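Source file: data_11.cif. Holds: mmCIF, C-alpha atoms.
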```cif
data_final
loop_
_atom_site.label_atom_id
_atom_site.label_comp_id
_atom_site.auth_asym_id
_atom_site.auth_seq_id
_atom_site.Cartn_x
_atom_site.Cartn_y
_atom_site.Cartn_z
CA MET E 1 58.15 77.91 -14.65
CA ARG E 2 59.04 81.16 -16.41
CA PRO E 3 57.03 84.32 -15.67
CA GLY E 4 56.05 84.61 -19.29
CA ALA E 5 54.62 81.09 -19.34
CA LEU E 6 52.61 81.82 -16.20
CA ARG E 7 51.19 84.99 -17.72
CA ARG E 8 50.23 83.18 -20.91
CA ARG E 9 48.43 80.50 -18.91
CA LEU E 10 46.47 83.09 -16.91
CA ASP E 11 45.61 85.13 -19.98
CA HIS E 12 44.12 82.11 -21.69
CA GLY E 13 41.80 81.33 -18.80
CA ASP E 14 43.28 77.95 -17.92
CA VAL E 15 42.83 78.72 -14.18
CA GLY E 16 39.17 79.72 -14.21
CA ARG E 17 37.20 82.27 -16.16
CA MET E 18 38.55 85.83 -15.97
CA SER E 19 37.27 89.00 -17.56
CA ASN E 20 39.09 92.25 -18.55
CA GLY E 21 42.49 90.57 -18.09
CA ASN E 22 42.17 90.29 -14.25
CA TYR E 23 44.17 87.55 -12.56
CA MET E 24 42.50 85.10 -10.23
CA MET E 25 45.10 84.65 -7.48
CA THR E 26 43.29 81.75 -5.81
CA GLY E 27 44.36 79.56 -8.73
CA LEU E 28 48.05 79.94 -7.79
CA HIS E 29 48.10 78.21 -4.41
CA GLY E 30 49.22 74.89 -5.94
CA LEU E 31 52.32 76.27 -7.68
CA ASP E 32 55.62 74.91 -6.42
CA GLU E 33 57.96 77.68 -7.58
CA PRO E 34 57.88 81.21 -6.17
CA LEU E 35 55.92 83.76 -8.15
CA LEU E 36 58.64 86.48 -8.02
CA GLY E 37 61.82 84.40 -7.82
CA ASN E 38 64.80 85.48 -5.68
CA ARG E 39 65.08 89.27 -5.84
CA ASP E 40 67.12 91.64 -3.76
CA TYR E 41 65.69 94.79 -2.07
CA ASP E 42 66.06 97.07 -5.13
CA GLY E 43 63.91 94.74 -7.26
CA ARG E 44 66.70 93.44 -9.54
CA HIS E 45 67.04 89.73 -10.10
CA SER E 46 69.99 88.03 -8.37
CA GLU E 47 70.91 85.87 -11.36
CA GLY E 48 74.44 86.32 -12.65
CA LYS E 49 76.01 87.37 -9.31
CA THR E 50 79.11 85.57 -8.06
CA PRO E 51 79.06 83.73 -4.71
CA GLU E 52 81.53 86.30 -3.35
CA CYS E 53 79.16 89.19 -4.15
CA ILE E 54 76.22 87.36 -2.64
CA TRP E 55 78.25 86.69 0.53
CA VAL E 56 79.36 90.35 0.82
CA GLU E 57 75.79 91.54 0.36
CA GLY E 58 74.61 89.11 3.01
CA GLN E 59 77.23 90.37 5.47
CA TRP E 60 76.29 93.99 4.75
CA LYS E 61 72.61 93.29 5.29
CA GLU E 62 73.35 91.51 8.58
CA HIS E 63 75.45 94.44 9.81
CA LEU E 64 72.71 96.84 8.77
CA HIS E 65 70.13 94.80 10.63
CA TRP E 66 72.13 94.84 13.87
CA ALA E 67 72.89 98.53 13.53
CA VAL E 68 69.18 99.33 13.19
CA LEU E 69 68.40 97.08 16.18
CA LEU E 70 71.04 98.73 18.38
CA PHE E 71 69.85 102.21 17.41
CA THR E 72 66.26 101.26 18.19
CA ASN E 73 67.26 99.91 21.62
CA LEU E 74 69.18 103.12 22.30
CA ILE E 75 66.11 105.21 21.47
CA VAL E 76 63.96 103.06 23.79
CA GLN E 77 66.46 103.46 26.63
CA TRP E 78 66.54 107.22 26.15
CA ALA E 79 62.72 107.33 26.22
CA GLN E 80 62.64 105.31 29.45
CA TRP E 81 65.29 107.55 30.99
CA ILE E 82 63.32 110.69 30.15
CA ALA E 83 60.08 109.11 31.43
CA ASN E 84 61.75 108.23 34.74
CA ILE E 85 62.92 111.83 35.13
CA VAL E 86 59.41 113.17 34.44
CA LEU E 87 57.71 110.70 36.78
CA GLY E 88 60.25 111.37 39.49
CA SER E 89 59.64 115.09 39.19
CA VAL E 90 55.87 114.61 39.43
CA SER E 91 56.30 112.41 42.50
CA PHE E 92 58.53 115.02 44.13
CA ILE E 93 56.08 117.83 43.38
CA ALA E 94 53.20 115.74 44.75
CA ARG E 95 55.02 115.47 48.07
CA ILE E 96 55.44 119.21 48.49
CA LEU E 97 52.24 120.58 46.95
CA PRO E 98 48.60 119.96 47.95
CA LEU E 99 46.85 117.36 45.84
CA PRO E 100 43.11 116.62 45.70
CA SER E 101 41.92 113.57 47.63
CA ASN E 102 38.38 111.95 47.07
CA THR E 103 36.84 110.94 50.43
CA GLN E 104 33.40 110.35 51.94
CA SER E 105 31.47 113.64 51.94
CA GLY E 106 33.00 114.85 48.11
CA SER E 107 36.32 116.48 47.84
CA ASN E 108 38.88 117.38 50.63
CA TRP E 109 42.54 118.64 50.15
CA LYS E 110 45.34 116.96 52.08
CA LEU E 111 48.13 119.37 52.84
CA LEU E 112 51.48 119.31 54.55
CA GLU E 113 51.42 118.95 58.33
CA PRO E 114 50.92 122.45 59.73
CA ALA E 115 53.48 124.11 61.95
CA LEU E 116 51.75 125.25 65.14
CA ASN E 117 52.87 127.85 67.62
CA PRO E 118 52.85 126.92 71.33
CA LEU E 119 49.45 128.56 71.90
CA GLN E 120 47.84 126.63 69.07
CA GLU E 121 49.38 123.37 70.24
CA ALA E 122 48.09 123.87 73.77
CA ARG E 123 44.57 124.76 72.63
CA LEU E 124 44.43 121.92 70.12
CA ARG E 125 45.62 119.46 72.78
CA SER E 126 42.95 120.71 75.19
CA LEU E 127 40.23 120.39 72.54
CA GLN E 128 41.32 116.88 71.60
CA GLN E 129 41.23 115.88 75.25
CA ARG E 130 37.61 117.04 75.38
CA LEU E 131 36.87 115.00 72.26
CA GLY E 132 38.21 111.88 73.94
CA ILE E 133 35.64 111.94 76.75
CA PRO E 134 32.56 109.78 76.07
CA TYR E 135 29.27 110.60 77.69
CA ASP E 136 28.82 108.43 80.78
CA GLY E 137 25.39 108.51 82.36
CA SER E 138 26.77 107.02 85.58
CA ARG E 139 29.17 109.95 86.19
CA LEU E 140 27.78 112.62 88.49
CA GLU E 141 29.31 115.55 86.55
CA HIS E 142 27.71 114.29 83.34
CA GLN E 143 24.34 113.97 85.04
CA GLU E 144 24.67 117.52 86.39
CA ALA E 145 25.56 118.83 82.93
CA LEU E 146 22.43 117.24 81.47
CA LYS E 147 20.31 118.82 84.22
CA GLN E 148 21.97 122.18 83.52
CA LEU E 149 20.96 121.92 79.87
CA TRP E 150 17.33 121.36 80.87
CA LYS E 151 17.34 124.41 83.15
CA LEU E 152 18.79 126.56 80.37
CA ALA E 153 16.27 125.25 77.84
CA TYR E 154 13.23 125.39 80.11
CA PRO E 155 13.91 127.82 82.97
CA ASP E 156 10.24 127.86 83.97
CA ARG E 157 9.66 124.12 83.98
CA GLU E 158 10.32 121.56 86.63
CA LEU E 159 13.42 119.43 86.20
CA PRO E 160 12.44 115.84 85.29
CA SER E 161 14.27 112.72 86.39
CA LEU E 162 17.18 111.52 84.27
CA LYS E 163 14.82 109.05 82.64
CA SER E 164 11.56 110.66 81.68
CA GLU E 165 9.33 111.05 78.66
CA LEU E 166 9.67 114.82 79.11
CA TRP E 167 13.16 114.70 77.62
CA LYS E 168 11.56 114.07 74.25
CA ASP E 169 10.30 117.68 74.32
CA MET E 170 13.91 118.81 73.85
CA GLY E 171 14.44 116.50 70.91
CA TRP E 172 15.87 113.37 72.52
CA GLN E 173 14.68 110.21 70.84
CA GLY E 174 13.71 108.39 74.01
CA PRO E 175 13.16 108.89 77.74
CA ASP E 176 16.89 108.35 78.46
CA PRO E 177 19.09 111.00 76.74
CA SER E 178 22.27 109.06 77.53
CA THR E 179 21.42 106.57 74.76
CA ASP E 180 21.53 109.29 72.08
CA PHE E 181 25.10 110.53 72.51
CA ARG E 182 26.89 107.61 70.87
CA GLY E 183 29.76 109.04 68.77
CA GLY E 184 29.05 112.63 69.85
CA GLY E 185 30.66 112.24 73.25
CA PHE E 186 30.46 114.57 76.21
CA ILE E 187 31.61 117.51 74.11
CA SER E 188 28.31 117.49 72.21
CA LEU E 189 26.52 118.15 75.51
CA GLU E 190 29.02 120.90 76.31
CA ASN E 191 28.30 122.43 72.89
CA LEU E 192 24.58 122.61 73.60
CA ILE E 193 25.20 124.19 77.00
CA PHE E 194 27.61 126.73 75.49
CA PHE E 195 25.04 127.60 72.81
CA ALA E 196 22.30 128.12 75.41
CA LYS E 197 24.55 130.35 77.53
CA LYS E 198 26.24 132.52 74.92
CA TYR E 199 23.46 132.85 72.34
CA PRO E 200 20.27 132.27 74.36
CA GLN E 201 17.96 133.98 71.86
CA SER E 202 19.15 131.86 68.94
CA PHE E 203 19.13 128.75 71.10
CA GLN E 204 15.52 129.28 72.17
CA ARG E 205 14.30 130.08 68.66
CA LEU E 206 15.88 126.91 67.29
CA LEU E 207 14.65 124.81 70.21
CA HIS E 208 11.07 125.97 69.78
CA LYS E 209 11.26 126.21 65.94
CA GLN E 210 10.14 129.84 65.91
CA ASP E 211 11.66 130.88 62.58
CA GLY E 212 10.08 130.45 59.16
CA ASN E 213 7.47 128.02 57.92
CA ARG E 214 8.21 124.78 59.69
CA SER E 215 7.68 121.23 58.50
CA GLU E 216 5.04 119.00 60.02
CA TRP E 217 7.84 116.52 60.77
CA GLU E 218 10.71 118.58 62.20
CA TYR E 219 14.21 117.50 63.11
CA PRO E 220 14.71 116.69 66.83
CA PHE E 221 16.65 119.59 68.32
CA ALA E 222 18.97 117.79 70.79
CA VAL E 223 19.82 114.88 68.48
CA ALA E 224 20.49 117.33 65.64
CA GLY E 225 22.95 119.12 67.93
CA ILE E 226 24.84 115.89 68.60
CA ASN E 227 25.06 115.20 64.86
CA ILE E 228 26.43 118.69 64.24
CA SER E 229 29.19 118.15 66.83
CA PHE E 230 30.14 114.88 65.20
CA MET E 231 30.12 116.41 61.71
CA LEU E 232 32.41 119.25 62.78
CA VAL E 233 34.94 116.85 64.30
CA GLN E 234 35.06 114.93 61.02
CA MET E 235 35.18 117.99 58.78
CA LEU E 236 37.96 119.66 60.77
CA ASP E 237 40.00 116.45 60.97
CA LEU E 238 40.35 116.87 64.73
CA GLN E 239 40.82 113.19 65.51
CA SER E 240 44.21 113.12 63.77
CA GLY E 241 47.34 114.37 65.48
CA LYS E 242 47.30 117.64 63.58
CA PRO E 243 44.47 118.57 61.20
CA SER E 244 45.63 118.38 57.58
CA SER E 245 42.39 119.07 55.71
CA ARG E 246 41.88 122.52 54.26
CA ALA E 247 39.04 123.28 56.68
CA GLY E 248 41.04 121.87 59.58
CA ARG E 249 44.03 124.10 58.88
CA ARG E 250 41.85 127.17 58.65
CA PHE E 251 40.26 126.20 61.94
CA LEU E 252 43.70 126.14 63.59
CA GLU E 253 44.02 129.80 62.63
CA LEU E 254 40.67 130.51 64.31
CA LEU E 255 41.79 128.56 67.36
CA ALA E 256 44.81 130.83 67.69
CA GLU E 257 42.44 133.78 68.01
CA ASP E 258 39.83 132.17 70.26
CA GLU E 259 40.17 129.25 72.67
CA MET E 260 36.45 128.51 72.30
CA ALA E 261 36.50 128.64 68.50
CA PHE E 262 35.08 125.12 68.19
CA ASP E 263 32.09 125.93 70.41
CA ASP E 264 31.44 129.22 68.60
CA LEU E 265 31.71 127.46 65.25
CA TYR E 266 29.19 124.90 66.52
CA CYS E 267 26.65 127.64 67.22
CA VAL E 268 27.14 129.17 63.78
CA THR E 269 26.78 125.76 62.15
CA PHE E 270 23.57 124.97 64.02
CA GLN E 271 22.05 128.26 62.89
CA MET E 272 23.28 127.68 59.34
CA MET E 273 21.77 124.20 59.28
CA ASP E 274 18.37 125.56 60.32
CA ALA E 275 18.55 128.22 57.62
CA GLN E 276 19.27 125.50 55.03
CA TRP E 277 16.36 123.51 56.42
CA LEU E 278 13.96 126.39 55.89
CA VAL E 279 15.23 127.31 52.43
CA LYS E 280 14.84 123.76 51.18
CA ARG E 281 11.59 123.18 53.08
CA ALA E 282 12.98 119.94 54.35
CA SER E 283 11.39 117.34 56.58
CA TYR E 284 12.75 114.77 59.01
CA MET E 285 13.84 112.22 56.40
CA GLU E 286 15.98 114.84 54.65
CA PHE E 287 18.07 115.77 57.67
CA ASN E 288 21.25 114.01 56.49
CA GLU E 289 21.04 115.77 53.13
CA ILE E 290 20.66 119.14 54.86
CA LEU E 291 23.63 118.36 57.11
CA LYS E 292 25.79 117.60 54.06
CA SER E 293 24.82 120.82 52.32
CA THR E 294 25.55 122.71 55.57
CA ARG E 295 29.01 121.17 55.68
CA THR E 296 29.69 122.19 52.08
CA ARG E 297 28.59 125.75 52.80
CA LEU E 298 30.67 125.93 55.96
CA GLU E 299 33.79 124.63 54.19
CA HIS E 300 33.35 127.36 51.61
CA GLU E 301 33.07 130.09 54.23
CA LEU E 302 36.14 128.80 56.07
CA SER E 303 38.13 129.05 52.83
CA LEU E 304 37.49 132.79 52.49
CA GLU E 305 40.64 134.86 52.91
CA SER E 306 38.80 137.49 54.91
CA VAL E 307 38.03 135.01 57.71
CA SER E 308 40.45 135.05 60.63
CA ARG E 309 37.91 134.63 63.45
CA VAL E 310 34.61 132.81 63.79
CA LYS E 311 32.89 136.19 63.87
CA ASP E 312 34.23 136.87 60.36
CA LEU E 313 32.18 134.03 58.88
CA PRO E 314 29.26 135.35 56.80
CA ALA E 315 26.92 132.94 58.57
CA TYR E 316 27.79 134.48 61.93
CA SER E 317 25.45 137.31 60.99
CA LEU E 318 22.56 134.88 61.39
CA LEU E 319 23.26 134.70 65.12
CA LYS E 320 23.64 138.47 65.43
CA SER E 321 20.55 139.27 63.39
CA ILE E 322 18.40 136.97 65.49
CA ALA E 323 19.78 138.48 68.69
CA ALA E 324 19.07 141.98 67.37
CA GLU E 325 15.58 140.99 66.33
CA TYR E 326 14.93 139.53 69.76
CA ASP E 327 16.20 142.69 71.50
CA ASN E 328 14.05 144.96 69.30
CA HIS E 329 10.99 142.82 69.99
CA SER E 330 11.61 142.97 73.73
CA ALA E 331 12.05 146.75 73.65
CA SER E 332 8.75 147.27 71.80
#
```
Written form, structure tokens:
Amino acid sequence: MRPGALRRRLDHGDVGRMSNGNYMMTGLHGLDEPLLGNRDYDGRHSEGKTPECIWVEGQWKEHLHWAVLLFTNLIVQWAQWIANIVLGSVSFIARILPLPSNTQSGSNWKLLEPALNPLQEARLRSLQQRLGIPYDGSRLEHQEALKQLWKLAYPDRELPSLKSELWKDMGWQGPDPSTDFRGGGFISLENLIFFAKKYPQSFQRLLHKQDGNRSEWEYPFAVAGINISFMLVQMLDLQSGKPSSRAGRRFLELLAEDEMAFDDLYCVTFQMMDAQWLVKRASYMEFNEILKSTRTRLEHELSLESVSRVKDLPAYSLLKSIAAEYDNHSAS
């Protein structure tokens, strides 16, 4: 059918009613011949061309097609090559620079393994050996340490048996303190003894809850101390060969200055936790939340450039201020 004949048929409405000269394309689906005929890419009709011309044009179009395809593949290969270079560079940088790592308590930074001097290595090894000792109620030295803690806490009271309801006065959950150590280990008992010896005023004020407006349902002193020991071990990454967390690496610097840095840091943390407790007016059921906020605060203080010893921590002033207050009260 010629294009002119098709137009005349559509204009006369033989394929449905049309208005304003619009064509109804749905009426064309039954036509057998193509609507536009055989046209090349520049829109001119192919009639009148010799077979040789048509063959040459076909060969040229085929070559053009393959040339475009090869060029496209080349571009894709270049893009992949550049992407591999970029990704490789990022991977290399990630191995030499600290990258953030999301873990249980929020956000810690994993760094390269620190290089320790012989003194740091020796002190870290000694501390990790202490961490590996569980509390054993059947060992005589552990029993004696528990009795020593009682005498430091209550110098004017009679020493109870190792299983007595009186142990609850110190903040143990039951009559047998040995059942409360669990993951804290023997070092948590050593921490309490160290606190009572080196900072007796702060120790007594925390034990007897003498500071601030206290809750009707207070945290148990001894069990809180065990939880603080456990939290510090986790925060400082001390159970790994060499601490790689940001806080752990800063702690290694403190350890180089003071062999008892962990025990001193424990005392500061305990005092800090109690201060957080009072500020937030917390009660027993909020203890874990207070411990988390204490950890966050302590990590911040350890990150300060001015801190090279435990005594440089801003929170250390809490221990000193309480000691000074106690001395002034005694003098008056």
Between atom CA of Glu299 of chain E and atom CA of Ala247 of chain E, measure the distance and give it in Å to one decimal. 6.0 Å
With distances taken over all atoms listed in the file, which residue among E:Ser138, E:Gln128, E:Gln271, E:Ser164 lies nearest Val233 of chain E? E:Gln128
Using only C-alpha atoms, find the one residue out of E:Ile82, E:Leu149, E:Leu159, E:Leu318 that sits nearest to Ile193 of chain E.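 Ranked by minimum distance to Ile193 of chain E, first place goes to E:Leu149.
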Do you know which residues the PyMOL selection byres ((chain E and resi 152) around 9) returns on this file, as a ChimeraX atom specification? /E:147-151,153-155,193,196-197,200
Got a sec to resolve the PyMOL selection byres ((chain E and resi 314) around 10) on this structure and send the residues as a ChimeraX atom specification? /E:268,298,301-302,304,306-307,310-313,315-318
Take the residues that were just selected and, keeping C-alpha atoms, output them as a short mmCIF file (atom, residue, chain, number, x, y, z; two decimals), in the frame of the given file.
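selection-v2.cif was written with the following content:
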```
data_model
loop_
_atom_site.label_atom_id
_atom_site.label_comp_id
_atom_site.auth_asym_id
_atom_site.auth_seq_id
_atom_site.Cartn_x
_atom_site.Cartn_y
_atom_site.Cartn_z
CA VAL E 268 27.14 129.17 63.78
CA LEU E 298 30.67 125.93 55.96
CA GLU E 301 33.07 130.09 54.23
CA LEU E 302 36.14 128.80 56.07
CA LEU E 304 37.49 132.79 52.49
CA SER E 306 38.80 137.49 54.91
CA VAL E 307 38.03 135.01 57.71
CA VAL E 310 34.61 132.81 63.79
CA LYS E 311 32.89 136.19 63.87
CA ASP E 312 34.23 136.87 60.36
CA LEU E 313 32.18 134.03 58.88
CA ALA E 315 26.92 132.94 58.57
CA TYR E 316 27.79 134.48 61.93
CA SER E 317 25.45 137.31 60.99
CA LEU E 318 22.56 134.88 61.39
#
```
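Computed from the coordinates, the atom CA of Met260 of chain E to atom CA of Lys209 of chain E distance equals 26.1 Å.
Take atom CA of Met273 of chain E and atom CA of Gly248 of chain E: the distance between them is 19.4 Å.
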For segment 210-222 of chain E, find every residue with an atom within 9 Å (counting only C-alpha atoms), except residues of its own chain fewer than 5 positions away, and show them as number ranges by chain. E: 168-173, 180, 189, 192, 204-205, 227, 274-275, 277-278, 281-285, 287
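Minimum atom-to-atom distance to Arg125 of chain E, evaluated using all atoms listed in the file, belongs to E:Gln239 out of E:Gln239, E:Asp263, E:Thr296, E:Arg309.
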When the PyMOL selection byres ((chain E and resi 132) around 10) is applied to the file above, which residues end up in the set, as a PyMOL selection string? chain E and resi 127-131+133-135+185-187+239
